[in-house]
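S.K.: Take this structure first; my questions come after.
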There are 2 protein chains.
Amino acid sequence: MTVPASSVTGHKSRDDARTSLRTWLRLLACTNLVEREVRGRLRDRFDTTLPRFDVLAQLDAAARESKAELTMSDLSRRLMVTNGNLTSLVERLVREGLVKRETLATDRRTQIVRLTPLGKRSLDAMTPEHQRWIDSLFADLTPSERTRLYELLGKLRTSVQNSLAEEGGK
Amino acid sequence: MTVPASSVTGHKSRDDARTSLRTWLRLLACTNLVEREVRGRLRDRFDTTLPRFDVLAQLDAAARESKAELTMSDLSRRLMVTNGNLTSLVERLVREGLVKRETLATDRRTQIVRLTPLGKRSLDAMTPEHQRWIDSLFADLTPSERTRLYELLGKLRTSVQNSLAEEGGK
DNA sequence: ACACGTTGTTTTAAGCATATAATATCTGAG
DNA sequence: CTCAGATATTATATGCTTAAAACAACGTGT
């Protein structure tokens, strides 16, 4: 394994740090571009929002993993949003009949959230188009580039998690 | 150059589409992780928010490019947020004395936004720490991995922009 | 039994974001 | 000159997001 010269001195070069920052800014720009587009299309085509879509998609994904039951906290962890955020979001979905919420008999604090048949149908109508949108946005990347990007983002995620764990453990 | 079998039939394989989707979800997860962390630190260390920081950083970047003057619309384009959003954001920064806004003499519709000396000092206090945060989050990526990620994200951005241009041009 | 810390959820207050409509100003064709 | 667009910004309504506090239910050690 090769050791970069700068590690002798115990700090990274200024260039490395600038590359990190530039990469982060570009990551953010890409995410915003895609997210804005997906938001707009969900709105135009299905009159819904990205957070609502995400809730339905996560509930469906959980069901496929045979974790038929998700609590509010499970859902907020999966969606990476705060618990309080989810309350009003699920509230609206319940009002629209896409989701149902029921108190768990064995622990009356916890709320179980489930897709209704209507919610499932609604999601199934959106999913194929959503996938096509994403695919067309990625169209100029070759399969191997996509795979490489996927891998590098995996490394980045691990790096971020490690960094947070170190920081949090102090 | 090898040609995938599916290109004979004129459409991509299902696998390619799934890779796009998986890559997109991972991109979003990474962005959310980093963004949440940066938000939290800006809040804890400097009692400010990411959008506010972004406004200051863009104003400073523009000044360095000797584009000393940015209008509200310039700024909203650079930040990739809507014009209406910026109004209240800049409003708050003006109230805090970090930014000043003045009407352009030659066109009384347009507002020029500028960093105040206080705003510049405030930004300069935050910038080095911000760069260190980002760099530590990227710590596990080698320089060449960072560079490769940067390049691939550049390709992705181009791909997204091409896709939007085609769609918009119809 | 019961006080106390923990866990799951909701509420609240503030800020961010968008789309749409309104307002103000400019510009150019006639 | 004047008025019909075009452009720059702000206002409004709605929804998302977070942090922090409040609330409710659980479970354990005494």
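We label chains A, B, ... in the order they appear in the structure tokens, count residues from 1 in each chain, and number ligands from 1 in the order shown.
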At a cut-off of 6 Å, which residues of chain B touch chain A? Count only C-alpha atoms and give the answer as a CSV table (one decimal) with C-alpha atoms, in the first residue's frame.

M.R.:
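Result file follows (part.csv):
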chain,number,residue,atom,x,y,z
B,17,ALA,CA,-32.7,1.5,-15.3
B,20,SER,CA,-29.9,4.6,-12.4
B,23,THR,CA,-27.6,5.4,-7.9
B,30,CYS,CA,-25.2,11.1,0.6
B,135,ASP,CA,-12.9,17.4,4.0
B,137,LEU,CA,-16.5,13.9,5.8
B,138,PHE,CA,-14.6,12.9,2.6
B,140,ASP,CA,-11.9,7.9,3.5
B,150,TYR,CA,-16.0,14.8,-9.3
B,157,ARG,CA,-24.9,17.1,-14.5
B,159,SER,CA,-26.6,14.4,-18.7
B,160,VAL,CA,-29.4,15.9,-16.6
B,163,SER,CA,-32.3,15.6,-20.8

S.K.: Among the residues of segment 56-104 of chain A, find those DSSP assigns to alpha helix (DSSP H) from the backbone and print them as a ChimeraX atom specification.

M.R.: /A:56-64,72-79,83-95

S.K.: What does the file look like for those residues with N, CA and C atoms, as a CSV table (one decimal), in the first residue's frame?

M.R.:
chain,number,residue,atom,x,y,z
A,56,LEU,N,-45.0,6.7,0.6
A,56,LEU,CA,-45.6,5.5,-0.1
A,56,LEU,C,-44.6,4.5,-0.5
A,57,ALA,N,-43.5,5.0,-1.1
A,57,ALA,CA,-42.5,4.0,-1.6
A,57,ALA,C,-41.8,3.3,-0.5
A,58,GLN,N,-41.6,3.9,0.6
A,58,GLN,CA,-40.9,3.2,1.7
A,58,GLN,C,-41.9,2.2,2.4
A,59,LEU,N,-43.1,2.6,2.4
A,59,LEU,CA,-44.1,1.6,3.0
A,59,LEU,C,-44.2,0.4,2.1
A,60,ASP,N,-44.2,0.6,0.8
A,60,ASP,CA,-44.2,-0.5,-0.1
A,60,ASP,C,-43.0,-1.4,0.0
A,61,ALA,N,-41.8,-0.7,0.0
A,61,ALA,CA,-40.5,-1.4,0.1
A,61,ALA,C,-40.5,-2.2,1.4
A,62,ALA,N,-41.0,-1.7,2.5
A,62,ALA,CA,-41.0,-2.4,3.7
A,62,ALA,C,-41.9,-3.7,3.6
A,63,ALA,N,-43.0,-3.5,3.0
A,63,ALA,CA,-43.9,-4.6,2.8
A,63,ALA,C,-43.2,-5.7,2.0
A,64,ARG,N,-42.5,-5.4,1.0
A,64,ARG,CA,-41.8,-6.4,0.2
A,64,ARG,C,-40.7,-7.1,1.0
A,72,MET,N,-44.1,4.9,13.1
A,72,MET,CA,-43.7,6.2,12.7
A,72,MET,C,-42.2,6.4,12.8
A,73,SER,N,-41.6,5.9,13.9
A,73,SER,CA,-40.1,6.1,14.0
A,73,SER,C,-39.4,5.3,13.0
A,74,ASP,N,-39.8,4.1,12.7
A,74,ASP,CA,-39.1,3.3,11.6
A,74,ASP,C,-39.1,4.1,10.3
A,75,LEU,N,-40.3,4.7,10.1
A,75,LEU,CA,-40.5,5.4,8.8
A,75,LEU,C,-39.6,6.7,8.8
A,76,SER,N,-39.5,7.4,9.9
A,76,SER,CA,-38.7,8.6,9.9
A,76,SER,C,-37.2,8.2,9.7
A,77,ARG,N,-36.8,7.1,10.3
A,77,ARG,CA,-35.4,6.7,10.1
A,77,ARG,C,-35.2,6.4,8.6
A,78,ARG,N,-36.1,5.6,8.0
A,78,ARG,CA,-35.9,5.2,6.6
A,78,ARG,C,-35.9,6.5,5.7
A,79,LEU,N,-36.7,7.4,6.0
A,79,LEU,CA,-36.8,8.6,5.2
A,79,LEU,C,-35.8,9.6,5.5
A,83,ASN,N,-39.0,13.0,13.3
A,83,ASN,CA,-40.2,12.4,13.6
A,83,ASN,C,-41.4,13.4,13.5
A,84,GLY,N,-41.1,14.6,14.0
A,84,GLY,CA,-42.2,15.6,14.0
A,84,GLY,C,-42.6,15.9,12.6
A,85,ASN,N,-41.7,15.8,11.6
A,85,ASN,CA,-42.0,16.1,10.3
A,85,ASN,C,-43.0,15.1,9.7
A,86,LEU,N,-42.8,13.9,10.1
A,86,LEU,CA,-43.7,12.8,9.6
A,86,LEU,C,-45.1,12.9,10.0
A,87,THR,N,-45.3,13.4,11.2
A,87,THR,CA,-46.7,13.5,11.7
A,87,THR,C,-47.7,14.2,10.8
A,88,SER,N,-47.3,15.4,10.3
A,88,SER,CA,-48.2,16.1,9.4
A,88,SER,C,-48.3,15.5,8.1
A,89,LEU,N,-47.2,14.9,7.6
A,89,LEU,CA,-47.1,14.2,6.3
A,89,LEU,C,-48.1,13.0,6.3
A,90,VAL,N,-47.9,12.2,7.3
A,90,VAL,CA,-48.8,11.0,7.3
A,90,VAL,C,-50.3,11.4,7.6
A,91,GLU,N,-50.4,12.4,8.4
A,91,GLU,CA,-51.8,13.0,8.6
A,91,GLU,C,-52.5,13.3,7.3
A,92,ARG,N,-51.8,14.0,6.4
A,92,ARG,CA,-52.4,14.3,5.1
A,92,ARG,C,-52.7,13.1,4.3
A,93,LEU,N,-51.8,12.1,4.3
A,93,LEU,CA,-52.0,10.9,3.5
A,93,LEU,C,-53.1,10.1,4.0
A,94,VAL,N,-53.3,10.1,5.3
A,94,VAL,CA,-54.5,9.5,5.9
A,94,VAL,C,-55.8,10.1,5.5
A,95,ARG,N,-55.8,11.5,5.5
A,95,ARG,CA,-56.9,12.2,5.1
A,95,ARG,C,-57.3,11.9,3.6

S.K.: With only C-alpha atoms (C1' of nucleotides) as the basis for distance, which of A:Thr127, A:Thr71, A:Thr48, A:Thr110 is at the shortest distance from DC26 of chain D?

M.R.: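 Of A:Thr127, A:Thr71, A:Thr48, A:Thr110, the one nearest DC26 of chain D is A:Thr110, counting only C-alpha atoms (C1' of nucleotides).
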
S.K.: I'd like the neighbourhood of segment 18-26 of chain C as a ChimeraX atom specification, where a residue qualifies if any of its atoms comes within 10 Å (using only C-alpha atoms (C1' of nucleotides)), though same-chain residues fewer than 4 positions away should be ignored.

M.R.: /A:36,39-40 /B:81-85,107-110 /D:6-15

S.K.: Please measure the separation of atom C1' of DA20 of chain D and atom CA of Phe53 of chain B, giving the value in Å to one decimal.

M.R.: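 Interatomic distance, atom C1' of DA20 of chain D to atom CA of Phe53 of chain B: 22.9 Å.
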
S.K.: Tell me the residues of chain D close to chain A, meaning within 8 Å using only C-alpha atoms (C1' of nucleotides), as a VMD selection string.

M.R.: chain D and resid 16 to 18 24 to 26

S.K.: Take the residues from that selection and write them out as a PDB file, in the first residue's frame, keeping C-alpha atoms (C1' of nucleotides).

M.R.:
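Saved result, selection26.pdb, follows:
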ATOM      1  C1'  DC D  16     -41.899  20.817   4.015  1.00  0.00           C
ATOM      2  C1'  DT D  17     -38.279  20.783   7.570  1.00  0.00           C
ATOM      3  C1'  DT D  18     -36.030  21.138  11.827  1.00  0.00           C
ATOM      4  C1'  DA D  24     -48.227   9.839  26.816  1.00  0.00           C
ATOM      5  C1'  DA D  25     -47.225   5.155  27.711  1.00  0.00           C
ATOM      6  C1'  DC D  26     -43.980   1.767  29.026  1.00  0.00           C
TER       7       DC D  26
END

S.K.: Compute the chain C side of the contact with chain A at 8 Å, counting only C-alpha atoms (C1' of nucleotides), and hand it back as a list in words.

M.R.: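 Result: DG8, DT9 and DT10 of chain C.
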
S.K.: Kindly give the distance, in Å, that separates atom CA of Val55 of chain B and atom C1' of DA13 of chain C, rounded to a single decimal.

M.R.: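 Interatomic distance here is 23.8 Å.
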